[in-house]
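Engineer: If it helps, the file is called target_14.pdb and holds PDB, N, CA and C atoms and all ligand atoms:
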ATOM      1  N   MET A   1     -28.500 -28.672 109.839  1.00  0.00           N
ATOM      2  CA  MET A   1     -28.496 -27.218 109.938  1.00  0.00           C
ATOM      3  C   MET A   1     -27.352 -26.609 109.150  1.00  0.00           C
ATOM      4  N   ALA A   2     -26.157 -27.142 109.315  1.00  0.00           N
ATOM      5  CA  ALA A   2     -24.983 -26.569 108.664  1.00  0.00           C
ATOM      6  C   ALA A   2     -25.097 -26.595 107.144  1.00  0.00           C
ATOM      7  N   SER A   3     -25.790 -27.546 106.639  1.00  0.00           N
ATOM      8  CA  SER A   3     -25.920 -27.656 105.197  1.00  0.00           C
ATOM      9  C   SER A   3     -26.797 -26.562 104.613  1.00  0.00           C
ATOM     10  N   LYS A   4     -27.451 -25.802 105.465  1.00  0.00           N
ATOM     11  CA  LYS A   4     -28.328 -24.749 104.966  1.00  0.00           C
ATOM     12  C   LYS A   4     -27.656 -23.380 104.978  1.00  0.00           C
ATOM     13  N   ASN A   5     -26.360 -23.363 105.116  1.00  0.00           N
ATOM     14  CA  ASN A   5     -25.631 -22.110 105.210  1.00  0.00           C
ATOM     15  C   ASN A   5     -25.888 -21.161 104.056  1.00  0.00           C
ATOM     16  N   HIS A   6     -26.045 -21.691 102.886  1.00  0.00           N
ATOM     17  CA  HIS A   6     -26.158 -20.844 101.709  1.00  0.00           C
ATOM     18  C   HIS A   6     -27.606 -20.598 101.315  1.00  0.00           C
ATOM     19  N   ARG A   7     -28.501 -20.930 102.185  1.00  0.00           N
ATOM     20  CA  ARG A   7     -29.896 -20.759 101.833  1.00  0.00           C
ATOM     21  C   ARG A   7     -30.507 -19.556 102.537  1.00  0.00           C
ATOM     22  N   GLY A   8     -31.541 -19.064 101.959  1.00  0.00           N
ATOM     23  CA  GLY A   8     -32.363 -18.085 102.641  1.00  0.00           C
ATOM     24  C   GLY A   8     -31.687 -16.765 102.906  1.00  0.00           C
ATOM     25  N   LYS A   9     -31.905 -16.211 104.045  1.00  0.00           N
ATOM     26  CA  LYS A   9     -31.558 -14.820 104.303  1.00  0.00           C
ATOM     27  C   LYS A   9     -30.066 -14.580 104.466  1.00  0.00           C
ATOM     28  N   THR A  10     -29.310 -15.608 104.667  1.00  0.00           N
ATOM     29  CA  THR A  10     -27.864 -15.434 104.796  1.00  0.00           C
ATOM     30  C   THR A  10     -27.299 -14.702 103.591  1.00  0.00           C
ATOM     31  N   LEU A  11     -27.794 -15.044 102.423  1.00  0.00           N
ATOM     32  CA  LEU A  11     -27.319 -14.455 101.178  1.00  0.00           C
ATOM     33  C   LEU A  11     -27.512 -12.944 101.140  1.00  0.00           C
ATOM     34  N   TRP A  12     -28.562 -12.479 101.730  1.00  0.00           N
ATOM     35  CA  TRP A  12     -28.912 -11.072 101.613  1.00  0.00           C
ATOM     36  C   TRP A  12     -27.990 -10.183 102.414  1.00  0.00           C
ATOM     37  N   LYS A  13     -27.241 -10.741 103.295  1.00  0.00           N
ATOM     38  CA  LYS A  13     -26.271  -9.952 104.046  1.00  0.00           C
ATOM     39  C   LYS A  13     -25.004  -9.686 103.240  1.00  0.00           C
ATOM     40  N   LEU A  14     -24.778 -10.466 102.225  1.00  0.00           N
ATOM     41  CA  LEU A  14     -23.569 -10.333 101.440  1.00  0.00           C
ATOM     42  C   LEU A  14     -23.655  -9.135 100.496  1.00  0.00           C
ATOM     43  N   PRO A  15     -22.510  -8.610 100.095  1.00  0.00           N
ATOM     44  CA  PRO A  15     -22.511  -7.556  99.075  1.00  0.00           C
ATOM     45  C   PRO A  15     -23.186  -8.061  97.801  1.00  0.00           C
ATOM     46  N   SER A  16     -24.029  -7.249  97.231  1.00  0.00           N
ATOM     47  CA  SER A  16     -24.798  -7.615  96.039  1.00  0.00           C
ATOM     48  C   SER A  16     -25.574  -8.904  96.251  1.00  0.00           C
ATOM     49  N   ARG A  17     -25.886  -9.149  97.512  1.00  0.00           N
ATOM     50  CA  ARG A  17     -26.730 -10.296  97.855  1.00  0.00           C
ATOM     51  C   ARG A  17     -26.175 -11.613  97.366  1.00  0.00           C
ATOM     52  N   GLY A  18     -24.849 -11.690  97.328  1.00  0.00           N
ATOM     53  CA  GLY A  18     -24.233 -12.959  96.969  1.00  0.00           C
ATOM     54  C   GLY A  18     -24.189 -13.216  95.482  1.00  0.00           C
ATOM     55  N   ARG A  19     -24.576 -12.201  94.695  1.00  0.00           N
ATOM     56  CA  ARG A  19     -24.551 -12.400  93.260  1.00  0.00           C
ATOM     57  C   ARG A  19     -23.470 -11.555  92.611  1.00  0.00           C
ATOM     58  N   GLY A  20     -23.052 -11.988  91.445  1.00  0.00           N
ATOM     59  CA  GLY A  20     -22.054 -11.221  90.735  1.00  0.00           C
ATOM     60  C   GLY A  20     -21.655 -11.973  89.484  1.00  0.00           C
ATOM     61  N   THR A  21     -20.521 -11.603  88.938  1.00  0.00           N
ATOM     62  CA  THR A  21     -20.025 -12.270  87.752  1.00  0.00           C
ATOM     63  C   THR A  21     -18.950 -13.263  88.148  1.00  0.00           C
ATOM     64  N   CYS A  22     -19.119 -14.481  87.749  1.00  0.00           N
ATOM     65  CA  CYS A  22     -18.130 -15.488  88.050  1.00  0.00           C
ATOM     66  C   CYS A  22     -16.894 -15.245  87.190  1.00  0.00           C
ATOM     67  N   PRO A  23     -15.706 -15.132  87.807  1.00  0.00           N
ATOM     68  CA  PRO A  23     -14.484 -14.835  87.067  1.00  0.00           C
ATOM     69  C   PRO A  23     -14.041 -15.983  86.171  1.00  0.00           C
ATOM     70  N   LEU A  24     -14.559 -17.154  86.413  1.00  0.00           N
ATOM     71  CA  LEU A  24     -14.114 -18.307  85.644  1.00  0.00           C
ATOM     72  C   LEU A  24     -14.998 -18.579  84.435  1.00  0.00           C
ATOM     73  N   CYS A  25     -16.288 -18.541  84.608  1.00  0.00           N
ATOM     74  CA  CYS A  25     -17.166 -18.830  83.475  1.00  0.00           C
ATOM     75  C   CYS A  25     -17.820 -17.573  82.923  1.00  0.00           C
ATOM     76  N   ASN A  26     -17.583 -16.424  83.619  1.00  0.00           N
ATOM     77  CA  ASN A  26     -18.059 -15.134  83.147  1.00  0.00           C
ATOM     78  C   ASN A  26     -19.569 -15.027  82.992  1.00  0.00           C
ATOM     79  N   ARG A  27     -20.286 -15.859  83.693  1.00  0.00           N
ATOM     80  CA  ARG A  27     -21.719 -15.676  83.708  1.00  0.00           C
ATOM     81  C   ARG A  27     -22.041 -14.547  84.684  1.00  0.00           C
ATOM     82  N   THR A  28     -22.979 -13.723  84.319  1.00  0.00           N
ATOM     83  CA  THR A  28     -23.301 -12.567  85.153  1.00  0.00           C
ATOM     84  C   THR A  28     -24.540 -12.822  86.000  1.00  0.00           C
ATOM     85  N   ARG A  29     -24.571 -12.120  87.095  1.00  0.00           N
ATOM     86  CA  ARG A  29     -25.719 -12.139  88.004  1.00  0.00           C
ATOM     87  C   ARG A  29     -26.098 -13.547  88.451  1.00  0.00           C
ATOM     88  N   ILE A  30     -25.083 -14.321  88.677  1.00  0.00           N
ATOM     89  CA  ILE A  30     -25.322 -15.625  89.263  1.00  0.00           C
ATOM     90  C   ILE A  30     -24.863 -15.599  90.708  1.00  0.00           C
ATOM     91  N   LYS A  31     -25.222 -16.593  91.442  1.00  0.00           N
ATOM     92  CA  LYS A  31     -24.826 -16.645  92.838  1.00  0.00           C
ATOM     93  C   LYS A  31     -23.389 -17.106  92.960  1.00  0.00           C
ATOM     94  N   LEU A  32     -22.594 -16.276  93.626  1.00  0.00           N
ATOM     95  CA  LEU A  32     -21.205 -16.642  93.863  1.00  0.00           C
ATOM     96  C   LEU A  32     -21.066 -17.051  95.327  1.00  0.00           C
ATOM     97  N   LEU A  33     -21.166 -18.296  95.540  1.00  0.00           N
ATOM     98  CA  LEU A  33     -21.255 -18.781  96.917  1.00  0.00           C
ATOM     99  C   LEU A  33     -19.974 -19.420  97.412  1.00  0.00           C
ATOM    100  N   TYR A  34     -19.018 -19.592  96.533  1.00  0.00           N
ATOM    101  CA  TYR A  34     -17.838 -20.344  96.918  1.00  0.00           C
ATOM    102  C   TYR A  34     -16.579 -19.523  96.728  1.00  0.00           C
ATOM    103  N   GLU A  35     -15.695 -19.603  97.704  1.00  0.00           N
ATOM    104  CA  GLU A  35     -14.420 -18.914  97.594  1.00  0.00           C
ATOM    105  C   GLU A  35     -13.338 -19.930  97.287  1.00  0.00           C
ATOM    106  N   ILE A  36     -12.548 -19.616  96.290  1.00  0.00           N
ATOM    107  CA  ILE A  36     -11.418 -20.470  95.963  1.00  0.00           C
ATOM    108  C   ILE A  36     -10.146 -19.648  96.037  1.00  0.00           C
ATOM    109  N   VAL A  37      -9.024 -20.307  96.171  1.00  0.00           N
ATOM    110  CA  VAL A  37      -7.737 -19.633  96.144  1.00  0.00           C
ATOM    111  C   VAL A  37      -7.148 -19.829  94.753  1.00  0.00           C
ATOM    112  N   THR A  38      -6.877 -18.715  94.095  1.00  0.00           N
ATOM    113  CA  THR A  38      -6.356 -18.796  92.743  1.00  0.00           C
ATOM    114  C   THR A  38      -4.853 -19.045  92.761  1.00  0.00           C
ATOM    115  N   GLU A  39      -4.299 -19.173  91.582  1.00  0.00           N
ATOM    116  CA  GLU A  39      -2.884 -19.516  91.475  1.00  0.00           C
ATOM    117  C   GLU A  39      -1.973 -18.456  92.075  1.00  0.00           C
ATOM    118  N   ASP A  40      -2.411 -17.203  92.022  1.00  0.00           N
ATOM    119  CA  ASP A  40      -1.587 -16.142  92.611  1.00  0.00           C
ATOM    120  C   ASP A  40      -1.880 -15.930  94.095  1.00  0.00           C
ATOM    121  N   GLY A  41      -2.697 -16.770  94.649  1.00  0.00           N
ATOM    122  CA  GLY A  41      -2.897 -16.760  96.092  1.00  0.00           C
ATOM    123  C   GLY A  41      -4.016 -15.865  96.583  1.00  0.00           C
ATOM    124  N   SER A  42      -4.746 -15.246  95.666  1.00  0.00           N
ATOM    125  CA  SER A  42      -5.843 -14.394  96.089  1.00  0.00           C
ATOM    126  C   SER A  42      -7.153 -15.181  96.116  1.00  0.00           C
ATOM    127  N   MET A  43      -8.094 -14.648  96.835  1.00  0.00           N
ATOM    128  CA  MET A  43      -9.381 -15.317  96.932  1.00  0.00           C
ATOM    129  C   MET A  43     -10.306 -14.830  95.835  1.00  0.00           C
ATOM    130  N   GLU A  44     -11.009 -15.763  95.235  1.00  0.00           N
ATOM    131  CA  GLU A  44     -12.003 -15.400  94.235  1.00  0.00           C
ATOM    132  C   GLU A  44     -13.313 -16.044  94.590  1.00  0.00           C
ATOM    133  N   LYS A  45     -14.369 -15.307  94.353  1.00  0.00           N
ATOM    134  CA  LYS A  45     -15.687 -15.896  94.537  1.00  0.00           C
ATOM    135  C   LYS A  45     -16.164 -16.460  93.213  1.00  0.00           C
ATOM    136  N   VAL A  46     -16.529 -17.706  93.259  1.00  0.00           N
ATOM    137  CA  VAL A  46     -16.962 -18.357  92.032  1.00  0.00           C
ATOM    138  C   VAL A  46     -18.301 -19.042  92.248  1.00  0.00           C
ATOM    139  N   CYS A  47     -18.897 -19.423  91.137  1.00  0.00           N
ATOM    140  CA  CYS A  47     -20.182 -20.098  91.216  1.00  0.00           C
ATOM    141  C   CYS A  47     -19.994 -21.572  91.588  1.00  0.00           C
ATOM    142  N   LYS A  48     -21.085 -22.201  91.796  1.00  0.00           N
ATOM    143  CA  LYS A  48     -21.072 -23.591  92.230  1.00  0.00           C
ATOM    144  C   LYS A  48     -20.383 -24.504  91.223  1.00  0.00           C
ATOM    145  N   GLU A  49     -20.696 -24.286  89.952  1.00  0.00           N
ATOM    146  CA  GLU A  49     -20.129 -25.148  88.920  1.00  0.00           C
ATOM    147  C   GLU A  49     -18.608 -25.022  88.859  1.00  0.00           C
ATOM    148  N   CYS A  50     -18.130 -23.785  88.947  1.00  0.00           N
ATOM    149  CA  CYS A  50     -16.692 -23.574  88.851  1.00  0.00           C
ATOM    150  C   CYS A  50     -15.962 -24.069  90.100  1.00  0.00           C
ATOM    151  N   SER A  51     -16.624 -23.991  91.235  1.00  0.00           N
ATOM    152  CA  SER A  51     -15.990 -24.504  92.445  1.00  0.00           C
ATOM    153  C   SER A  51     -15.794 -26.009  92.340  1.00  0.00           C
ATOM    154  N   LYS A  52     -16.698 -26.662  91.697  1.00  0.00           N
ATOM    155  CA  LYS A  52     -16.560 -28.098  91.482  1.00  0.00           C
ATOM    156  C   LYS A  52     -15.445 -28.401  90.491  1.00  0.00           C
ATOM    157  N   ARG A  53     -15.433 -27.608  89.432  1.00  0.00           N
ATOM    158  CA  ARG A  53     -14.464 -27.835  88.379  1.00  0.00           C
ATOM    159  C   ARG A  53     -13.022 -27.633  88.882  1.00  0.00           C
ATOM    160  N   LYS A  54     -12.863 -26.606  89.728  1.00  0.00           N
ATOM    161  CA  LYS A  54     -11.551 -26.283  90.250  1.00  0.00           C
ATOM    162  C   LYS A  54     -11.050 -27.389  91.197  1.00  0.00           C
ATOM    163  N   ALA A  55     -11.952 -27.872  91.989  1.00  0.00           N
ATOM    164  CA  ALA A  55     -11.611 -28.923  92.946  1.00  0.00           C
ATOM    165  C   ALA A  55     -11.481 -30.244  92.225  1.00  0.00           C
TER     166      ALA A  55
HETATM  167 ZN    ZN B   1     -18.504 -20.031  87.245  1.00  0.00          ZN
END
Can you give me the file's structure in the form of structure tokens?
Structural biologist:
Amino acid sequence: MASKNHRGKTLWKLPSRGRGTCPLCNRTRIKLLYEIVTEDGSMEKVCKECSKRKA
């Protein structure tokens, strides 16, 4: 069950339905499902690929 957190209707509750521009790869209108802490300590929402790359 927990693995389905990012699926289905959960996304639609988010602002812009979980989509936006990834600050790292600058792709637009992709799903930003992951929050990372940047070097200055703020939270950024990034796409799946960038969350992997950062980690
Ligand atoms: Zn990205």
Engineer: Which residues are near ligand ZN 1 (chain B) in this structure, taking near to mean any atom at most 8 Å from a ligand atom and counting all atoms listed in the file? Format them as a ChimeraX atom specification.
Structural biologist: /A:21-27,32,45-51
Engineer: For atom CA of A:Arg53 and atom N of A:Ile36, quote the distance in Å rounded to one decimal.
Structural biologist: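 Answer for the atom CA of A:Arg53 to atom N of A:Ile36 separation: 11.6 Å.
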Engineer: So how far away is atom CA of A:Ser16 from atom N of A:Tyr34, in Å?
Structural biologist: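 Separation of atom N of A:Tyr34 and atom CA of A:Ser16: 13.3 Å.
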Engineer: Would you compute the distance between atom N of A:Glu39 and atom CA of A:Lys13? Give it in Å to one decimal.
Structural biologist: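 Interatomic distance, atom N of A:Glu39 to atom CA of A:Lys13: 26.9 Å.
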Engineer: Around all the atoms of stretch 13-24 of chain A listed in the file, with 4 Å of room on each side, what axis-aligned box do you get, giving centre and edge lengths in Å to one decimal, as JSON?
Structural biologist:
{"center_x": -20.6, "center_y": -12.9, "center_z": 94.2, "size_x": 21.2, "size_y": 19.3, "size_z": 27.6}
Engineer: Please write stretch 17-54 of chain A of the preceding block to a file containing C-alpha atoms, as a PDB file, in the first residue's frame?
Structural biologist:
ATOM      1  CA  ARG A  17      -1.474  18.427  -9.683  1.00  0.00           C
ATOM      2  CA  GLY A  18       2.068  17.558  -8.784  1.00  0.00           C
ATOM      3  CA  ARG A  19       3.498  18.898 -11.998  1.00  0.00           C
ATOM      4  CA  GLY A  20       5.860  21.728 -12.639  1.00  0.00           C
ATOM      5  CA  THR A  21       9.330  22.582 -13.800  1.00  0.00           C
ATOM      6  CA  CYS A  22      12.145  20.645 -12.265  1.00  0.00           C
ATOM      7  CA  PRO A  23      14.748  23.134 -10.957  1.00  0.00           C
ATOM      8  CA  LEU A  24      17.579  20.754 -11.692  1.00  0.00           C
ATOM      9  CA  CYS A  25      16.950  19.507 -15.205  1.00  0.00           C
ATOM     10  CA  ASN A  26      14.567  22.316 -16.204  1.00  0.00           C
ATOM     11  CA  ARG A  27      12.115  20.029 -17.867  1.00  0.00           C
ATOM     12  CA  THR A  28       8.656  21.542 -17.804  1.00  0.00           C
ATOM     13  CA  ARG A  29       5.324  20.019 -16.944  1.00  0.00           C
ATOM     14  CA  ILE A  30       6.779  16.907 -15.496  1.00  0.00           C
ATOM     15  CA  LYS A  31       5.784  15.295 -12.260  1.00  0.00           C
ATOM     16  CA  LEU A  32       7.665  16.674  -9.307  1.00  0.00           C
ATOM     17  CA  LEU A  33       7.170  14.008  -6.748  1.00  0.00           C
ATOM     18  CA  TYR A  34      10.281  14.248  -4.654  1.00  0.00           C
ATOM     19  CA  GLU A  35      11.453  16.838  -2.184  1.00  0.00           C
ATOM     20  CA  ILE A  36      15.136  17.341  -1.652  1.00  0.00           C
ATOM     21  CA  VAL A  37      17.058  19.684   0.606  1.00  0.00           C
ATOM     22  CA  THR A  38      19.313  21.952  -1.378  1.00  0.00           C
ATOM     23  CA  GLU A  39      22.677  23.278  -0.325  1.00  0.00           C
ATOM     24  CA  ASP A  40      21.163  26.417   1.162  1.00  0.00           C
ATOM     25  CA  GLY A  41      18.796  24.344   3.241  1.00  0.00           C
ATOM     26  CA  SER A  42      15.576  24.999   1.376  1.00  0.00           C
ATOM     27  CA  MET A  43      13.260  22.368   0.034  1.00  0.00           C
ATOM     28  CA  GLU A  44      12.962  21.835  -3.679  1.00  0.00           C
ATOM     29  CA  LYS A  45      10.606  19.647  -5.568  1.00  0.00           C
ATOM     30  CA  VAL A  46      12.365  17.664  -8.200  1.00  0.00           C
ATOM     31  CA  CYS A  47      11.562  14.941 -10.650  1.00  0.00           C
ATOM     32  CA  LYS A  48      12.289  11.301 -10.155  1.00  0.00           C
ATOM     33  CA  GLU A  49      15.473  11.318 -12.187  1.00  0.00           C
ATOM     34  CA  CYS A  50      16.972  14.242 -10.317  1.00  0.00           C
ATOM     35  CA  SER A  51      16.055  12.795  -6.948  1.00  0.00           C
ATOM     36  CA  LYS A  52      18.083   9.756  -7.857  1.00  0.00           C
ATOM     37  CA  ARG A  53      20.965  11.785  -9.149  1.00  0.00           C
ATOM     38  CA  LYS A  54      21.111  13.921  -6.016  1.00  0.00           C
TER      39      LYS A  54
END
